[in-house]
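Content type compact mmCIF, C-alpha atoms and all ligand atoms, from the file data-v1.txt:
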# COMPACT_ATOMS: atom_id res chain seq x y z
CA MET W 219 5.20 18.48 10.95
CA THR W 220 3.16 16.65 8.37
CA LYS W 221 0.72 13.81 8.33
CA ALA W 222 0.61 11.55 5.28
CA ILE W 223 -1.96 9.22 3.79
CA TYR W 224 -0.55 6.11 2.11
CA ALA W 225 -3.49 4.74 0.17
CA GLY W 226 -3.52 1.58 -1.87
CA SER W 227 -5.26 -1.68 -2.54
CA PHE W 228 -2.53 -3.68 -0.76
CA ASP W 229 -3.76 -6.97 -2.21
CA PRO W 230 -1.57 -8.17 -0.61
CA PHE W 231 0.72 -5.84 1.32
CA THR W 232 4.30 -6.50 0.13
CA MET W 233 7.84 -5.91 1.32
CA GLY W 234 7.88 -3.02 -1.17
CA HIS W 235 4.98 -1.38 0.67
CA LEU W 236 6.67 -2.02 4.02
CA ASN W 237 9.90 -0.49 2.71
CA ILE W 238 8.04 2.70 1.75
CA LEU W 239 6.54 2.87 5.25
CA GLU W 240 9.87 2.27 7.00
CA ARG W 241 11.51 5.06 5.05
CA SER W 242 8.66 7.54 5.23
CA SER W 243 7.97 7.01 8.93
CA LYS W 244 11.16 9.00 9.53
CA MET W 245 9.87 11.84 7.38
CA PHE W 246 6.35 12.33 8.68
CA GLU W 247 4.75 12.77 12.07
CA GLU W 248 2.14 10.14 11.28
CA ILE W 249 1.33 7.92 8.32
CA ILE W 250 -2.15 6.59 7.79
CA VAL W 251 -2.30 3.47 5.66
CA ALA W 252 -5.67 3.64 3.94
CA ILE W 253 -6.82 0.29 2.62
CA GLY W 254 -8.98 0.80 -0.41
CA THR W 255 -10.35 -1.29 -3.21
CA ASN W 256 -9.15 -0.78 -6.74
CA THR W 257 -12.29 -1.29 -8.82
CA SER W 258 -10.23 -2.24 -11.87
CA LYS W 259 -8.47 -5.10 -10.09
CA LYS W 260 -10.06 -8.30 -8.75
CA SER W 261 -8.99 -8.74 -5.15
CA LEU W 262 -7.76 -11.84 -3.37
CA PHE W 263 -8.31 -10.59 0.17
CA ASN W 264 -11.30 -8.63 1.49
CA PRO W 265 -10.70 -5.30 3.27
CA GLU W 266 -11.11 -6.80 6.76
CA GLU W 267 -8.52 -9.51 6.02
CA LYS W 268 -6.12 -6.87 4.73
CA LEU W 269 -6.64 -4.75 7.84
CA GLU W 270 -5.87 -7.71 10.08
CA MET W 271 -2.77 -8.75 8.12
CA ILE W 272 -1.27 -5.26 7.79
CA THR W 273 -1.95 -4.54 11.47
CA ASP W 274 0.05 -7.67 12.40
CA VAL W 275 2.92 -6.72 10.09
CA ILE W 276 3.13 -3.15 11.38
CA LYS W 277 3.04 -4.38 14.97
CA GLU W 278 5.94 -6.74 14.23
CA SER W 279 7.88 -4.02 12.42
CA GLY W 280 7.85 -1.76 15.49
CA LEU W 281 6.82 1.31 13.46
CA GLU W 282 5.03 3.47 15.99
CA ASN W 283 3.70 6.33 13.90
CA VAL W 284 1.78 4.22 11.39
CA ARG W 285 -2.00 3.82 11.70
CA ILE W 286 -4.11 1.57 9.49
CA ILE W 287 -7.67 2.22 8.44
CA LEU W 288 -10.21 0.99 5.90
CA HIS W 289 -11.22 3.43 3.22
CA THR W 290 -13.25 1.53 0.70
CA ASP W 291 -15.63 4.29 -0.25
CA GLY W 292 -15.05 7.86 -1.35
CA LEU W 293 -12.16 9.98 -2.51
CA THR W 294 -8.75 9.79 -0.88
CA VAL W 295 -8.55 13.59 -0.81
CA ASP W 296 -11.72 13.67 1.30
CA LEU W 297 -10.15 11.19 3.69
CA ALA W 298 -7.05 13.40 3.84
CA ARG W 299 -9.19 16.40 4.75
CA GLU W 300 -11.06 14.44 7.43
CA GLU W 301 -7.78 13.23 8.93
CA GLU W 302 -6.17 16.65 8.53
CA ALA W 303 -3.38 15.11 6.49
CA ASN W 304 -1.45 17.32 4.10
CA VAL W 305 0.44 14.74 2.09
CA MET W 306 -0.56 11.86 -0.15
CA LEU W 307 2.30 9.39 -0.15
CA ARG W 308 2.87 7.02 -3.10
CA GLY W 309 5.64 4.74 -4.30
CA ILE W 310 7.12 4.67 -7.79
CA ARG W 311 8.82 1.65 -9.33
CA SER W 312 9.01 2.53 -12.99
CA VAL W 313 8.18 5.04 -15.69
CA THR W 314 4.81 3.32 -16.06
CA ASP W 315 4.07 3.89 -12.36
CA MET W 316 5.24 7.49 -12.79
CA GLU W 317 2.76 8.23 -15.58
CA TYR W 318 -0.10 6.63 -13.68
CA GLU W 319 0.81 8.44 -10.46
CA MET W 320 1.18 11.81 -12.19
CA ASN W 321 -2.39 11.57 -13.46
CA ILE W 322 -3.72 10.72 -10.02
CA ALA W 323 -1.68 13.52 -8.44
CA SER W 324 -2.97 16.07 -10.95
CA MET W 325 -6.56 14.99 -10.41
CA ASN W 326 -6.08 15.15 -6.66
CA LYS W 327 -4.66 18.65 -7.00
CA THR W 328 -7.86 19.81 -8.73
CA GLN W 329 -9.88 18.51 -5.77
CA ALA W 330 -7.59 19.62 -2.96
CA PRO W 331 -4.95 22.21 -3.96
CA ASN W 332 -3.43 22.27 -0.46
CA ILE W 333 -2.63 18.60 -0.35
CA GLU W 334 0.73 17.63 -1.86
CA SER W 335 1.59 14.30 -3.42
CA VAL W 336 4.96 12.99 -2.33
CA PHE W 337 6.64 10.10 -4.14
CA LEU W 338 9.32 7.78 -2.93
CA MET W 339 11.24 5.70 -5.43
CA ALA W 340 11.15 1.99 -4.74
CA ASP W 341 14.40 0.71 -3.31
CA GLU W 342 16.39 -1.27 -5.87
CA GLN W 343 15.58 -4.71 -4.40
CA TYR W 344 11.83 -4.05 -4.43
CA ARG W 345 11.54 -2.51 -7.87
CA PHE W 346 10.06 -5.69 -9.35
CA VAL W 347 7.85 -6.53 -6.41
CA SER W 348 4.20 -6.13 -7.30
CA SER W 349 1.07 -7.50 -5.63
CA SER W 350 -0.27 -8.83 -8.92
CA LEU W 351 2.90 -10.75 -9.84
CA ILE W 352 3.11 -12.14 -6.32
CA LYS W 353 -0.45 -13.45 -6.67
CA GLU W 354 0.41 -15.17 -9.93
CA ILE W 355 3.40 -16.88 -8.34
CA ALA W 356 1.56 -17.91 -5.15
CA GLN W 357 -1.39 -19.21 -7.12
CA PHE W 358 0.86 -21.85 -8.67
CA GLU W 359 2.59 -22.60 -5.38
CA GLY W 360 5.71 -20.63 -6.28
CA ASP W 361 8.03 -19.18 -3.66
CA VAL W 362 7.09 -15.65 -2.59
CA SER W 363 9.28 -15.47 0.51
CA GLY W 364 11.23 -12.23 0.62
CA MET W 365 8.55 -10.48 -1.43
CA VAL W 366 5.83 -10.43 1.23
CA PRO W 367 6.07 -10.62 5.03
CA GLU W 368 6.08 -14.24 6.23
CA THR W 369 2.61 -14.12 7.80
CA ILE W 370 1.17 -12.85 4.54
CA ALA W 371 2.90 -15.58 2.51
CA LYS W 372 1.23 -18.13 4.79
CA ARG W 373 -2.18 -16.50 4.41
CA MET W 374 -1.80 -16.54 0.62
CA ILE W 375 -0.94 -20.23 0.54
CA GLU W 376 -4.00 -21.01 2.74
CA LYS W 377 -6.21 -18.84 0.58
CA TYR W 378 -5.26 -20.54 -2.68
CA LYS W 379 -5.53 -23.98 -1.09
CA ASN W 380 -9.12 -23.28 -0.05
CA MET W 381 -10.19 -21.95 -3.43
P1 LIG D 401 -3.05 0.83 -6.04
O1 LIG D 401 -3.97 -0.25 -6.54
O2 LIG D 401 -3.76 2.00 -5.44
O3 LIG D 401 -1.97 1.21 -7.01
P2 LIG D 401 -1.09 -0.75 -4.59
O4 LIG D 401 -1.34 -1.52 -3.35
O5 LIG D 401 -0.78 -1.52 -5.82
O6 LIG D 401 -2.36 0.17 -4.76
O7 LIG D 401 0.08 0.29 -4.36
C1 LIG D 401 0.02 1.32 -3.41
C2 LIG D 401 1.19 2.26 -3.61
O8 LIG D 401 2.42 1.58 -3.35
C3 LIG D 401 1.33 2.78 -5.05
O9 LIG D 401 1.81 4.11 -5.00
C4 LIG D 401 2.36 1.87 -5.66
O10 LIG D 401 3.05 2.48 -6.72
C5 LIG D 401 3.28 1.65 -4.47
N1 LIG D 401 4.02 0.39 -4.57
C6 LIG D 401 3.57 -0.82 -4.91
N2 LIG D 401 4.55 -1.74 -4.91
C7 LIG D 401 5.69 -1.08 -4.54
C8 LIG D 401 7.07 -1.46 -4.37
N3 LIG D 401 7.48 -2.70 -4.62
N4 LIG D 401 7.95 -0.50 -4.00
C9 LIG D 401 7.54 0.76 -3.80
N5 LIG D 401 6.26 1.20 -3.96
C10 LIG D 401 5.35 0.30 -4.31

With the file now loaded, output its structure as structure tokens.
Ligand code: ADP
Amino acid sequence: MTKAIYAGSFDPFTMGHLNILERSSKMFEEIIVAIGTNTSKKSLFNPEEKLEMITDVIKESGLENVRIILHTDGLTVDLAREEEANVMLRGIRSVTDMEYEMNIASMNKTQAPNIESVFLMADEQYRFVSSSLIKEIAQFEGDVSGMVPETIAKRMIEKYKNM
């Protein structure tokens, strides 16, 4: 059986991310959601807020083999080694995602040849769901229901109100 790391910036965690976890939880013994920070993107939520929100969502979803951790420093392959995980799980929505992910996977392979990258294609209804677009919509009080879990939609509205 295999253990997978699902790393991302999850700013915020979307229904697309949840869909990947629901599908992959049937494929792996355990999935570790590793909350990181993408240095090239400005984040709306801090890592602790993300941890709290994703923990709530996973609890509600009833997925039992998903664990959530913060990993804001260091390489994901090093985390995988520490956790004795043998798979890096990623989602792919488009050809653009594919190119980006292939580069990451190749770089990871140079660092840890025994760790495999596994990709799941986004389900049709989530193909256009992206954290950055959701932020743009929520920022101008648009409707993001159906794109993010309800609790997260609420947190986003609060966040933008207090800015
Ligand atoms: P990163 O900044 O590391 O790309 P993200 O939080 O944006 O982190 O995404 C984490 C992973 O989830 C990536 O592999 C990304 O392609 C995938 N992903 C993002 N949105 C979706 C979606 N709607 N459906 C499927 N996979 C997705």

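Put simply, CA of Asp291 (chain W) is 12.5 Å away from CA of Gly226 (chain W).
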
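Summary of the local environment: counting all atoms listed in the file, residues at most 7 Å from region 342-354 of chain W, other than itself and those fewer than 6 positions away along its chain, are Asp229, Pro230, Thr232, Gly234, Arg311, Val362 and Met365 of chain W.
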
**Study point:** Residues within 10 Å of ligand LIG 401 (chain D), counting all atoms listed in the file, as number ranges by chain
**Key:** W: 224-239, 251-259, 261, 306-312, 314-316, 318-319, 322, 336-350, 365-366

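Rounded to one decimal, CA of Thr220 (chain W) and CA of Met325 (chain W) lie 21.2 Å from each other.
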
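Here the question is which of W:Ile355, W:Lys379, W:Ile250, W:Phe263 gets nearest to Glu301 (chain W) using only C-alpha atoms, and that residue is W:Ile250.
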
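The coordinates place CA of Glu368 (chain W) at 22.8 Å from CA of Ile249 (chain W).
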
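Excluding Thr369 (chain W) itself and any same-chain residue fewer than 5 positions from it, the protein and nucleic acid residues within 10 Å of it, counting all atoms listed in the file, are W:Met271, W:Ile272, W:Asp274, W:Val275, W:Ser363, W:Met374.
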
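The smallest atom-to-atom distance between Lys377 (chain W) and any of W:Met245, W:Leu297, W:Ala222, W:Leu262, using all atoms listed in the file, is found for W:Leu262.
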
Could you please fill out region 266-296 of chain W with N, CA and C atoms and send it back as an mmCIF file, in the coordinates of the input?
data_model
loop_
_atom_site.group_PDB
_atom_site.id
_atom_site.type_symbol
_atom_site.label_atom_id
_atom_site.label_comp_id
_atom_site.auth_asym_id
_atom_site.auth_seq_id
_atom_site.Cartn_x
_atom_site.Cartn_y
_atom_site.Cartn_z
ATOM 1 N N GLU W 266 -11.308 -6.439 5.350
ATOM 2 C CA GLU W 266 -11.110 -6.800 6.760
ATOM 3 C C GLU W 266 -9.889 -7.710 6.928
ATOM 4 N N GLU W 267 -9.701 -8.626 5.963
ATOM 5 C CA GLU W 267 -8.520 -9.510 6.020
ATOM 6 C C GLU W 267 -7.250 -8.681 5.862
ATOM 7 N N LYS W 268 -7.298 -7.722 4.958
ATOM 8 C CA LYS W 268 -6.120 -6.870 4.730
ATOM 9 C C LYS W 268 -5.785 -6.087 5.994
ATOM 10 N N LEU W 269 -6.834 -5.541 6.622
ATOM 11 C CA LEU W 269 -6.640 -4.750 7.840
ATOM 12 C C LEU W 269 -5.941 -5.590 8.910
ATOM 13 N N GLU W 270 -6.429 -6.817 9.075
ATOM 14 C CA GLU W 270 -5.870 -7.710 10.080
ATOM 15 C C GLU W 270 -4.397 -8.044 9.751
ATOM 16 N N MET W 271 -4.130 -8.356 8.502
ATOM 17 C CA MET W 271 -2.770 -8.750 8.120
ATOM 18 C C MET W 271 -1.789 -7.588 8.240
ATOM 19 N N ILE W 272 -2.194 -6.418 7.760
ATOM 20 C CA ILE W 272 -1.270 -5.260 7.790
ATOM 21 C C ILE W 272 -1.040 -4.821 9.238
ATOM 22 N N THR W 273 -2.096 -4.894 10.059
ATOM 23 C CA THR W 273 -1.950 -4.540 11.470
ATOM 24 C C THR W 273 -0.898 -5.434 12.123
ATOM 25 N N ASP W 274 -0.946 -6.732 11.854
ATOM 26 C CA ASP W 274 0.050 -7.670 12.400
ATOM 27 C C ASP W 274 1.457 -7.298 11.952
ATOM 28 N N VAL W 275 1.596 -7.018 10.648
ATOM 29 C CA VAL W 275 2.920 -6.720 10.090
ATOM 30 C C VAL W 275 3.492 -5.439 10.704
ATOM 31 N N ILE W 276 2.653 -4.429 10.839
ATOM 32 C CA ILE W 276 3.130 -3.150 11.380
ATOM 33 C C ILE W 276 3.504 -3.306 12.853
ATOM 34 N N LYS W 277 2.724 -4.112 13.572
ATOM 35 C CA LYS W 277 3.040 -4.380 14.970
ATOM 36 C C LYS W 277 4.429 -5.026 15.071
ATOM 37 N N GLU W 278 4.651 -6.038 14.239
ATOM 38 C CA GLU W 278 5.940 -6.740 14.230
ATOM 39 C C GLU W 278 7.093 -5.821 13.838
ATOM 40 N N SER W 279 6.811 -4.876 12.943
ATOM 41 C CA SER W 279 7.880 -4.020 12.420
ATOM 42 C C SER W 279 8.335 -2.972 13.446
ATOM 43 N N GLY W 280 7.500 -2.731 14.461
ATOM 44 C CA GLY W 280 7.850 -1.760 15.490
ATOM 45 C C GLY W 280 7.674 -0.304 15.061
ATOM 46 N N LEU W 281 7.061 -0.079 13.907
ATOM 47 C CA LEU W 281 6.820 1.310 13.460
ATOM 48 C C LEU W 281 5.694 1.891 14.310
ATOM 49 N N GLU W 282 6.016 2.978 15.023
ATOM 50 C CA GLU W 282 5.030 3.470 15.990
ATOM 51 C C GLU W 282 4.113 4.558 15.460
ATOM 52 N N ASN W 283 4.534 5.217 14.392
ATOM 53 C CA ASN W 283 3.700 6.330 13.900
ATOM 54 C C ASN W 283 2.914 5.950 12.639
ATOM 55 N N VAL W 284 2.578 4.668 12.532
ATOM 56 C CA VAL W 284 1.780 4.220 11.390
ATOM 57 C C VAL W 284 0.438 3.709 11.899
ATOM 58 N N ARG W 285 -0.645 4.238 11.319
ATOM 59 C CA ARG W 285 -2.000 3.820 11.700
ATOM 60 C C ARG W 285 -2.653 3.235 10.463
ATOM 61 N N ILE W 286 -3.502 2.234 10.647
ATOM 62 C CA ILE W 286 -4.110 1.570 9.490
ATOM 63 C C ILE W 286 -5.627 1.679 9.559
ATOM 64 N N ILE W 287 -6.212 2.099 8.470
ATOM 65 C CA ILE W 287 -7.670 2.220 8.440
ATOM 66 C C ILE W 287 -8.229 1.664 7.132
ATOM 67 N N LEU W 288 -9.531 1.393 7.139
ATOM 68 C CA LEU W 288 -10.210 0.990 5.900
ATOM 69 C C LEU W 288 -10.776 2.231 5.247
ATOM 70 N N HIS W 289 -10.598 2.314 3.934
ATOM 71 C CA HIS W 289 -11.220 3.430 3.220
ATOM 72 C C HIS W 289 -11.675 2.907 1.857
ATOM 73 N N THR W 290 -12.820 2.237 1.897
ATOM 74 C CA THR W 290 -13.250 1.530 0.700
ATOM 75 C C THR W 290 -14.278 2.324 -0.102
ATOM 76 N N ASP W 291 -14.603 3.498 0.398
ATOM 77 C CA ASP W 291 -15.630 4.290 -0.250
ATOM 78 C C ASP W 291 -15.232 5.760 -0.228
ATOM 79 N N GLY W 292 -15.332 6.429 -1.346
ATOM 80 C CA GLY W 292 -15.050 7.860 -1.350
ATOM 81 C C GLY W 292 -13.652 8.210 -1.821
ATOM 82 N N LEU W 293 -13.437 9.494 -1.981
ATOM 83 C CA LEU W 293 -12.160 9.980 -2.510
ATOM 84 C C LEU W 293 -11.089 10.031 -1.421
ATOM 85 N N THR W 294 -9.863 9.746 -1.836
ATOM 86 C CA THR W 294 -8.750 9.790 -0.880
ATOM 87 C C THR W 294 -8.519 11.214 -0.386
ATOM 88 N N VAL W 295 -8.756 12.190 -1.255
ATOM 89 C CA VAL W 295 -8.550 13.590 -0.810
ATOM 90 C C VAL W 295 -9.545 13.954 0.307
ATOM 91 N N ASP W 296 -10.750 13.392 0.236
ATOM 92 C CA ASP W 296 -11.720 13.670 1.300
ATOM 93 C C ASP W 296 -11.267 13.037 2.619
#
